[in-house]
Structure formats: C-alpha cells, structure tokens
Amino acid sequence: MASATSLLLPLACWMDVPCASGARVTATAVSEDGRNVVAGFTNGHIWIYDFSGGPGAALNSKNATKLSPKVYLVGHRAAVAVIKLARVEIDSPALTDNVVISASSDGEVVMWDIADGRCLQLNSTAFVGHPTSLHITSSGRYILLSGHSNKICALDVGTLETAYETTVYDWISSLSLHPSESKGMDRILALTLDGKLWITYFDEENFMLPMVESYHLRSSKTPGFLVEINRFDRRMAMAVYRLGCTVNLADPNVTVLGTIPSPATQSWSGAQFLSARTILLWTQTGSSYIYFLGRPKDILLSNVLDVPAGHVVLFSDGVRAYHVERMHLLVFHNIESSKAGEMTIWSYWASVFGTQLGPSVGCYSSLVAAQHIGIQIHLLVIDFNFTDIWGVTKKHRIDMTAATLVMEKYLAIGLSNGDIRIVLLSAPFFFGPEELESRTVLHLRGHVGAVTALYSPLEHFLLDEEKILLLSGSTDCSTKIWNLVTGELLASLVSHTESVTGFMPVPSDISFGHKVRHRVMSLAKDHSIALVDIEDLQVIYRFSGHSSAIVGIHWRKMDENFIVSCADSSIFVWQMRTGHLDRVVSGQLAQDILADADVNLTVREYGLEYHAVNIKRTMTAFPVHSAVTAPPPLLISLVNVKRLISDIYSGQQILSPTASPRNSTNELQPRNTPFMRGYSNVSEEDEHSPDTPRTATRGRRSVSDLPGEQRRSSAASESSPTRTVVAGLQPFKAKSKENSETGGGKSDVKDGVPDSTVVQSIYSALMSWGVDEEVDRVCEERLGLAKPGAHVAYCIRGAGGYLSILAPAADLSRRTWTISPTLTASRLLKILSLSRAVLSMTGLEEEASTIITHYGAMLPNHIGPAMKMPSFSYLAKYWQDPMVDIQQASRSMFSSALLKMPLQDKNTVLEYWKPHLPTIARNLGTPIVKTHMRTAVILGIISSEQPTLFESRLLRDLAQSLELVIREDTRNTYRLAAMELIGRAFSTLEPHMNGQQIIRMMVGMTGLWGQPPAPTQGSTSGQSTPTLQSTANSIPGALAGIANVSQSVMLMARNVVVQIAIANPSLFVTTECFDLMHAKTPGERLGSLKLLGMFIAKRPLLAYPHVPKLMDAMVKSLDPNQASMREALQQTVTINFAEIVRTFPNISFHGPSQRMAVGTPEGFGIIYDLRTAMRVQVLEGHSRPITALSFSPDGKLLASFSLEENCVHFYQPTVGFLGSLVGALNQVRASSTSGPGSQSTSGAATQGPFGSQMKSFRTFNVGPPEVAISLSSILEKVSFEWISDRGVRLQSVKGVELVFNV
C-alpha cells in the first residue's frame, strides 16, 4: 500500500529430503478432523502433513493410509518443545483449527497458518526457560505458557506480546486448563517437578494466577511429565509419570481414584482420554494399552455395524467396537518418534459424546484394564520414513554446503568435498541436484574440507573490471580469495583455528582512515573475527578470545572502537587503529556502550542465513540447513519483485526467451521467437563458437546453452587449487575496450542486476503449468519459457523473515491454488505484476493479454470449486502501491474476486470485518492497530464497488473509520488508500459524514495553502509565508490532528478534492466559496483559489451551473480595503478569470474598464467592477438562462443571448467613474438593509439591491426556443464575435450564424 510494503518472491529448489538425518521429532499435534499432522524437530523446523484415509481404511489397511508432506516451516532457532493447534480469526471466521502455535526450547513462540504455513506473529522472548505446556484460554484471547521456569506467562493471541506473567514456586512440567463456571476465568491444573498437583485460576480481567491448593500425588520424587483434564468429563484428570498414571477426581478438591502402573521394564511415554471412561496409555517402546474406568460388565463387544443406536463407542479398530451407549466415531492420531528420519502414527477411534454418561463418584471406585490381548484389540501402527514419503524421487544429490550469488547472475555452490562450482543462476530452476554438476560454468578446487561460507563483494568489481572476487571459507580453517574472471586463486589465508562460518562486509560509512576501506570480516566457529583487506589480499587484524558465540558487531566512530557483543551479554571493546583489546565489559555498562554505537550489525549463527538476508537487493540466494552436520536440503532464491520490475523498466534488463532445458540436440539452440527478435545481434553459430566474446552472448544464453557433456575434467591434485572451464565459455570475461569502442553488446557483468535468463527463469517458475494447454503453448512457443523441474516449489516469507516452503508434489502446480486465499493472492499478484512489466517491454501485448486474462479471470474455471479466492486482506496492502503494475494487478484481482463471490459469502465478509473497524474498536477502548486500519480499507473498497451491500449503520461506521485512518495513520501506510476511497465512494458515504469537514480536511492536505504567493514588485524575498499547518488553523476541521503530510499525500488530496467536486459540485463550490471569502490568511485563500481553478479547468461541465457563485466569491476576494490580501491573490485570480472567460460563453471581460459581466441561470446579468470588487449593475430582460455575454470593444454595448429563449438583448452599461460610484452606493445601501450574514446564492435572484437595474434597449428574436441541447455543445459552439464597435456575429448550435448591427 505504501512504498515500504515490499513484495518478495521466495522460490525453493529442493536439493534433498529435509529431516532425513540428524533431526528427531520433539513435539507433535493433530487437528480435530485428523487431516493435519504437525511435527516439530530438534532443528527447530516444523512439518505440516496431510493425513489421508477414510473411516475404516485408516485402521484396516496400511496401503490406504497416506502421510504426505505439505508445508515446511523454517524459523525457530532451537528445538521445538510444544505445538498447539487452535482457532484464531485471521481474515475470516475460524471454523476449524486454522493456526499452529509453536514454542521452542529457547522460549520463542510463533504462530503459523495451518493452511499455507506462513508465519503470522512471533515473540522471540516470550518465555524465559524451556516451555513444556501451551494452552489457549476459553475466550481465545490469551495463550498460557509454562515450563522449566518459575513463571507462567499470558500472551495476547493477536500479537503474541506478553500481557501478564506471574511467579510460581517451582518449575512446571505440565499444565492443563478448562473453563470454570465464572465468565472469563479458567481453572488450571499444574504439575510441578516435585510431584505436586496444583489447582489455580486465571482471571482474564485481573490477570490473577493465585496458587490456591496443592496435592501430593505420589511419594516418588520422579517428576511427572503430563497432566490432562478429561475434556469429555472435566471433573476428572490424570497425571502421568514414567512409572505410573494417577487418575484423579478434581471437583472441587483432588481425590486420587487409582494408579495405573507402567508395564514391567517399561515406562509411560504419553496418554490421552478417548472418552469420559476410556484412557489410552503408551510406552516408550511403542506398546499401547486402553483402560476403561468402570465395571467390566458394562463393556459390550460387537461388530461396528451391529452397535445399537444410542450407544457410546469406547474404542474401535474399524471392525469391532467396545461400547456402552450411543454411537459416534471420530478418528484420532498419536505420534511418536523412535529415531531420526522416522515418525510413527497410531490411529484409533473413540467417542466424543462421553460427557453424556455423567457417571457418579461411585463409578470411579475401580480401574479395570481391558484385556487387549485376550479380546484381540488391534491398534494399527504405521511407521513413516521421511525419505519414503517424499514427493520427488530421490536421485544422486549434490552435497551443497554453502551458496551465494555472484553479480546476481551466477550462483556459487560450495560442496562438502571442498570444491566450488559456479553455475548460471537459472540452472537450479530447471535441473535437479543430480544434474547441476553438468551445468558448471567454472569449477574451483582448493579447500581440503567442506566449504562453509561464500561471499562475492559486488562493489569491488565496480572499482576493477578485471576482477570479480569470491571469498570462500571452509572447515579447513582457511579463507581463500578467487578471481572469477580468470579462475585464479589469489590468496589463501589462515586466520582461524576452527571452521569459517561466514563473511560480513565492513559498512561503507565506517572510515577509520585508510585501514578499513574495502574490507571484509570473516567469522569462525572459534568465536574469532578476521579483518581481511580484499585489495591487498591480507589479514589486517584478528580479534579472538571472545568468551562465547558472537551475536553482534558494533562501531563507535568518535572513539574509533570496534565492539563485539557475545551471547553471554559481555562485550569486547577493541581499538581499531592498533587492533588491541581495550576492555571487556558486561552488565549495565555494556548496555550503555552499545546504546551509543553508531553502526550495529547482527551476526547470525551458521545455517541461519535466511535471518540476515538482504531483501533490498533485486535477488539473493541462500541455503536452508536442516542439520549442522548434513548438507542443506534447500536452496532459496529470494526475488524483490519491485526492484526487478524497476530494473526492467529502467532498461537494465535485455529480455530474450529462455530455451527449453532439455538435453536434446535440437533444443540446445535458442528459439527464434518474437520474445528474442530485436535483441540478439549474434548468430547461433557465433554464440557457440569458442572465439565469440563472452560479453556478446552471455546476456542471451539460456539455461540449455551449457551442454554438460563438454565439461573438461581435471587431473590435478585435490590439494592444489585448480579450475575447470566449460568449453567455449571464457569464465566471467569482462567486455574489452575494443568491444566497447566498436559498439558491441553491453556487458551485463558490470550491471550487477539479473540478466534475461534469470528473469525468464523466475517468470517460468511462477507459471502454473499443466492447467491450460493453450496458455502452456503460448508460454513455450511464443515466450520461450520452460516448465521448471519438479523440485521447484513456491514459498511465502512471513513475519520475521520466517519461511514456509511447499513440499514438492506431482500435482503441486494445480494444488497450489487450493491451499489458502493468501497463497492464491500472493502468487497471482506476482504473476500479473511481472506479466505487465516483462511482456509489455518486448512488444508482446497480445501474449500479455492472454496471460493476464488466464490468471486474472479464467483461472477459477480451470481449477474448479476447490480454488481459494484471493485474500482481500492481502490485496488491500497493495491497493495503493506506488508501483503502477502492482497497484493495477491488486485492484483488478480484488474487483474480479468480489464480482465472482456469491452474495452469501459477501455478507459473511462484511459481518467478519465489521467488528474490526477503527471506530468500533475505539468505542470499545481497544488500541487502534494496523488490522483495524486495513479493515477500513477493505470495507471501503467493497463499498466503492458494491455499495448496495451495506446497511446505513455500517456505512456510518465506515465513513468515520476512514476519516480516523486519515487523521491517525502517520506513516501513510493506509492513509492514502483511505483518502482515495473517500473520494471514490463520496456519493455513498456523504450522507453519513460531515461533507464540508471532509472537504476542508482534504483541501488542507493539498499543500496549496503552504505555497507562498508569487512575488510582486516591491515585495521582499525574505518575507515569511504561512505554513500548511498554521494556515489550516483558522478553518475548522481542516488539518486538526493530522501530521506527516507528505508529497504523496498532497497529490492524493488534490485528486480526492476533484473526485468530491465531481460527486457533489454544489457542496464543493459552496464550501470553497465560503472559505475563500472568510479565510483570514492569504495562504488559505490562495489554496481555495487554486482548487477552484483546477475544478474549472478539469471539469467545466460540472462547474458551469456554479459559475455565478464562483465569480461572486472571486471578485469579493479582491476587496481593495484589504490591500495586502488583494496583492497576494491578484495573480491567481487573474489566471482563474482568464480560464473562465476562455471556457464559458456566459462570461465576458472588458479590460480597459476592468468590468466583468456574468450571465446567470435565472436570466439576470451581473456586471462587476474589479477595481472596487463590487457589483455595479444588474441586467434584466431574459427569463431563461443566459447562454452568452459579450462586451463591445469600446465597452459601451453588451450583447446577451439565451438559447432556451432564442433571444438576443443589447444593453448600454454605465461606464467610467459615475457607474462605479452608483454601484458602490447601491452596495452600501444593500449592506445596511440586508444585515450581517446575508449572502447571495446565485448572483441573480436577489440582485436587485446589489447594483442598479438596467433593461435592454434592443431585443431580437432569432427563432423558436431550443430545448435538450447538451452543455458540451453550448460551450463548444455558442459565442459572440464583435466585427465592429456596433456590429456583432452570433454563432449558435446547429450551425446557426447571425450578424447584428446596432
């Protein structure tokens, strides 16, 4: 919506199966319908799986049960400790579990969307300690978090901010809650590490968490790990320990009903209530036991189909059922992890209506174990291996360990064997991991350990075209510097004792003398930093001895200090000029020193590159690690769509088609498509010739132009640095001077922006292939695009830069549109925005129309009813985007989605968003946040397009909310949209708002008030002029409470004023004329004059009926009694008068006498003397509107014409001093009789007292009256032309031309 709203496109290339090794399941959750399985891992990542299998099939046949990876969530830095599924309203009503709330072992809490996995909110410091329990209160407003800490925290569900925390006496191993009888209060059962069960209450209004009662459940000091309240009978709870499970009655006090010991040589691992009387317990070895709480004779066993109606099923394996009353089945899943790379799911069935049993206390007197062996209870256990369920067939992989972009056109890949391969950035989109080696452009060998860090300083190439540097770090502790132009190893530096973990450039604004220019810092696992001079190829300083992991680097320019902050909160202060350690500081002093730092850099841990990615660059690439010891399974290419579109329009892209990425001989040549014509000046033969200069062809090479079989192997020793170059390609050869002088192709190396192959690869990856054959044909044959590999997947970058990556699948191209409204909106917006930019710049308007029509209108017809329509909330963010392509795409998608939406769904949308309007939130005392402002924009858009959907009260709240957004959104994120919407929907909203106040507010933001009057002779340049805010203070409601009126706001305000003037010209003219005559400062009057001038110039047809009123106000603003005001306004009024006289035939000006004649709709003519700013005469004679007026050249005659009467009148107006004197006397007499506050409404109906009346001395009827003539015809065709002082020619409609001599 504003320029600050970025549009990022992450595209993932799956290089391997994630979590296949080195990661174990640490937390799990299952949705209520059993269709979503969520698993958290030791690496902090989370998988959301689809679990499929109908009733009975999931339990009877392993082949009918399928666990499919859906979305991979990357964000947590530590192991996932707790996962909770919940219903939270996000853009629509939550009917089922729609969010995943996860807490990691470092206390971070993150909320994810369960459909598309995007990160919604996060709080990195939510909990101090290791979380063990996470629950949502009964109202859904707060999240209670507890664990290995003496704190219980309450987080706001909407923001995840800490709302309240309380201290408890011991660590909590498990916590459970359920609603109490009091509204807004939940009853809590907490199990502490010392074996006590506590009962307490959480009061949402007062945030009270008193520990009111505690009970010792067992004498053993073995800590419990689970407490659970029976959701089917909330009077009962169980506490689970490794060696036993106690079943307790907790109503109101805790009574131990019995203990279920764990089987011999085993210990309990988990438990769950299946019904009011059924408990499932399982051991760490995977054995499961089901217990019935009641008498054995109550249990009945029969086939599922034979269970009597009204029985409750306690447990079923899909064939047989144990029941007592009433039948209703629901599938459950429990998840365990026995070893890395695997996950076990147990499926079973149980009743959800056990609460209807209502057993008395006596029924809990015994615990009877169902004899699961004797009666053959079968519990289906399925082991899923992550590799087996992967959507892409696993082949030979490339053991990538590091990656970085080179000149935003190439990709440097570091390998586990120490090699570095340079490939085109487009190659990973079309070639799988097993094929990347064959697409190598440059092969570097030198490291003897795995490459762990890569960095290419773009700015260095801008200084030296003969060098493109690449820095590489390895587990061999060395840093190597390569020249990619020649493939030469320039330097090998050993400055660390452990593996290098990353590189960071020294910020450009750090200039401590000559010692830190063009420097790069290398960081290592031993917590040391080396400052490397990339020009002199040497290490200047080495900073070591840091006590713990480095988390930040800082500079203080005044003291020339280099400060290193560590994870243990200590800081090391180094002197830059000498390189020695000045001091080590901790505590408050350390915080004070860091607060005074001028430059701050955050250091991310190895493997967390996505946290520090530079989103301001057009494109970046980075790996995503699933384990420190394993190659990263993901390569992410992050595209800044706005920067890319800007690069295309600025001419930094030469667009040509990418050829099909297949290894056939015929497809190695670029296709001769229109996408390429006009750009390529190199023949196909020259393009593959070894003698062809690299600069002449590289910008147009496609991903298939790198034949893998031509790669030359090297026989050199692995320990010596070598390079291997693809035949026919001179690696990174810069443009020669001769080529530049002879007008050769522009070197795309120097640009530092993605070239055509990269742009087309991105565009190809965005396309939804296989949905429409005709569109696929256009993309391939006309645009030269190619279908990406099956390993390429779409991503979403959410809050905090956290990633959600779709898992690869055969039907992913079509299934993407059925996942979530946000995912649909995100992908469509990027496709349509890039289509407008990419295709319009290549002359393929017809193809662009095909693509835009397909995705903008026809896609739902191809996908079917399962398609998720675009999210209004997402599109609203870009509805006022400053980039035209994105704005147009967003608006067209919003309108299309609204048009296709059924009426019932539209009403549902209104009902959902209505409570979030800013006005309603303020009335409830809720702080106004961006969600409320976005709501006003969403409903404002809908009201501007379909106002009939709104009832009167909602329109009133919407109108007030839009005004509130305009006044309070100081960052202009939503202000611009709210302003435009008021203009667009003014006719709809005006009855529910103060129209004049809105007009004045908009006028106040136009910036016209703050412009100084044009300098006149005798004025001084140093004279102060009123400011925008100060001049607004004298007109009520203008700028009260409005801050940060930027240039974009001023331009928007001017457009809105014009829109309002179009919607209600009478209100606009009345308001501005009143302000023009009553404003106290020249700035205010100038603003009104300029706006009236804009209105007259842009909308003359709307202004025509109000011209008399406008002229009256403008003339009176020139009151000679206010000399300074008249001088300030005279130039602007003169400009407006000239436009009015030129545009309207019923206005005439006589320069020598300074008189202005105005014809009115009532049939009166008014003559003003501009020297006195008064009316001097009123012309009578017409009974219908005066169409044209004109003074004779000598000013002694005045001709008037009424088209509706078809009659011409001639007058002899009073001339000279006498006429002015008579007019002034009449004006004074009228003022004394009419009283203060009297005002003419039209300039004619009450004009008698405001000037001497004059009748015509000659009248001509020129034909029958004309009716139904358009205003445009009148303004265009009707006019007077004096051919002498006594002769005049009248030109009228229908070609009539008459000459009169008087």
# chains A, B, ... in the order shown; residues from 1 in each chain; ligands from 1

call {"tool": "residues_around", "arguments": {"residues": "Thr618 (chain A)", "least_positions_apart": "5", "cutoff": "9 Å", "atoms": "only C-alpha atoms", "output": "PyMOL selection string"}}
result
chain A and resi 408+638-644+647+753-754

call {"tool": "write_last_selection", "arguments": {"atoms": "N, CA and C atoms", "output": "PDB file, in the first residue's frame"}}
result
ATOM      1  N   GLU A 408      24.556 -11.327  -9.187  1.00  0.00           N
ATOM      2  CA  GLU A 408      23.125 -11.570  -9.333  1.00  0.00           C
ATOM      3  C   GLU A 408      22.785 -12.252 -10.651  1.00  0.00           C
ATOM      4  N   LEU A 638      15.586 -15.581  -3.409  1.00  0.00           N
ATOM      5  CA  LEU A 638      14.659 -14.550  -2.936  1.00  0.00           C
ATOM      6  C   LEU A 638      14.700 -13.370  -3.891  1.00  0.00           C
ATOM      7  N   VAL A 639      13.569 -13.073  -4.509  1.00  0.00           N
ATOM      8  CA  VAL A 639      13.471 -12.025  -5.521  1.00  0.00           C
ATOM      9  C   VAL A 639      12.674 -10.856  -4.956  1.00  0.00           C
ATOM     10  N   ASN A 640      13.234  -9.667  -5.058  1.00  0.00           N
ATOM     11  CA  ASN A 640      12.498  -8.455  -4.726  1.00  0.00           C
ATOM     12  C   ASN A 640      11.760  -8.028  -5.990  1.00  0.00           C
ATOM     13  N   VAL A 641      10.465  -8.330  -6.048  1.00  0.00           N
ATOM     14  CA  VAL A 641       9.695  -8.131  -7.273  1.00  0.00           C
ATOM     15  C   VAL A 641       9.667  -6.659  -7.675  1.00  0.00           C
ATOM     16  N   LYS A 642       9.561  -5.769  -6.723  1.00  0.00           N
ATOM     17  CA  LYS A 642       9.522  -4.342  -7.054  1.00  0.00           C
ATOM     18  C   LYS A 642      10.830  -3.890  -7.678  1.00  0.00           C
ATOM     19  N   ARG A 643      11.945  -4.329  -7.101  1.00  0.00           N
ATOM     20  CA  ARG A 643      13.236  -3.969  -7.681  1.00  0.00           C
ATOM     21  C   ARG A 643      13.389  -4.572  -9.072  1.00  0.00           C
ATOM     22  N   LEU A 644      12.925  -5.781  -9.259  1.00  0.00           N
ATOM     23  CA  LEU A 644      13.038  -6.433 -10.553  1.00  0.00           C
ATOM     24  C   LEU A 644      12.232  -5.688 -11.609  1.00  0.00           C
ATOM     25  N   ASP A 647      14.028  -2.564 -12.447  1.00  0.00           N
ATOM     26  CA  ASP A 647      15.181  -2.819 -13.308  1.00  0.00           C
ATOM     27  C   ASP A 647      14.743  -3.024 -14.757  1.00  0.00           C
ATOM     28  N   VAL A 753      22.795  -6.661 -12.091  1.00  0.00           N
ATOM     29  CA  VAL A 753      21.374  -6.961 -11.971  1.00  0.00           C
ATOM     30  C   VAL A 753      21.094  -8.254 -12.714  1.00  0.00           C
ATOM     31  N   PRO A 754      20.024  -8.975 -12.371  1.00  0.00           N
ATOM     32  CA  PRO A 754      19.736 -10.237 -13.039  1.00  0.00           C
ATOM     33  C   PRO A 754      19.577 -10.048 -14.545  1.00  0.00           C
TER      34      PRO A 754
END

call {"tool": "residues_around", "arguments": {"residues": "Asp592 (chain A)", "least_positions_apart": "6", "cutoff": "12 Å", "atoms": "only C-alpha atoms", "output": "ChimeraX atom specification"}}
result
/A:571,585-586

call {"tool": "atom_distance", "arguments": {"atom1": "CA of Glu108 (chain A)", "atom2": "CA of Val624 (chain A)"}}
result
19.6 Å

call {"tool": "select_by_dssp", "arguments": {"residues": "region 68-205 of chain A", "states": "strand (DSSP E)", "output": "ChimeraX atom specification"}}
result
/A:68-74,80-86,99-104,109-113,119-123,130-136,142-148,151-156,162-167,172-179,185-192,196-203

call {"tool": "closest_residue", "arguments": {"among": "A:Pro10, A:Val30, A:Arg24, A:Thr5", "to": "Gln880 (chain A)", "atoms": "only C-alpha atoms"}}
result
A:Thr5
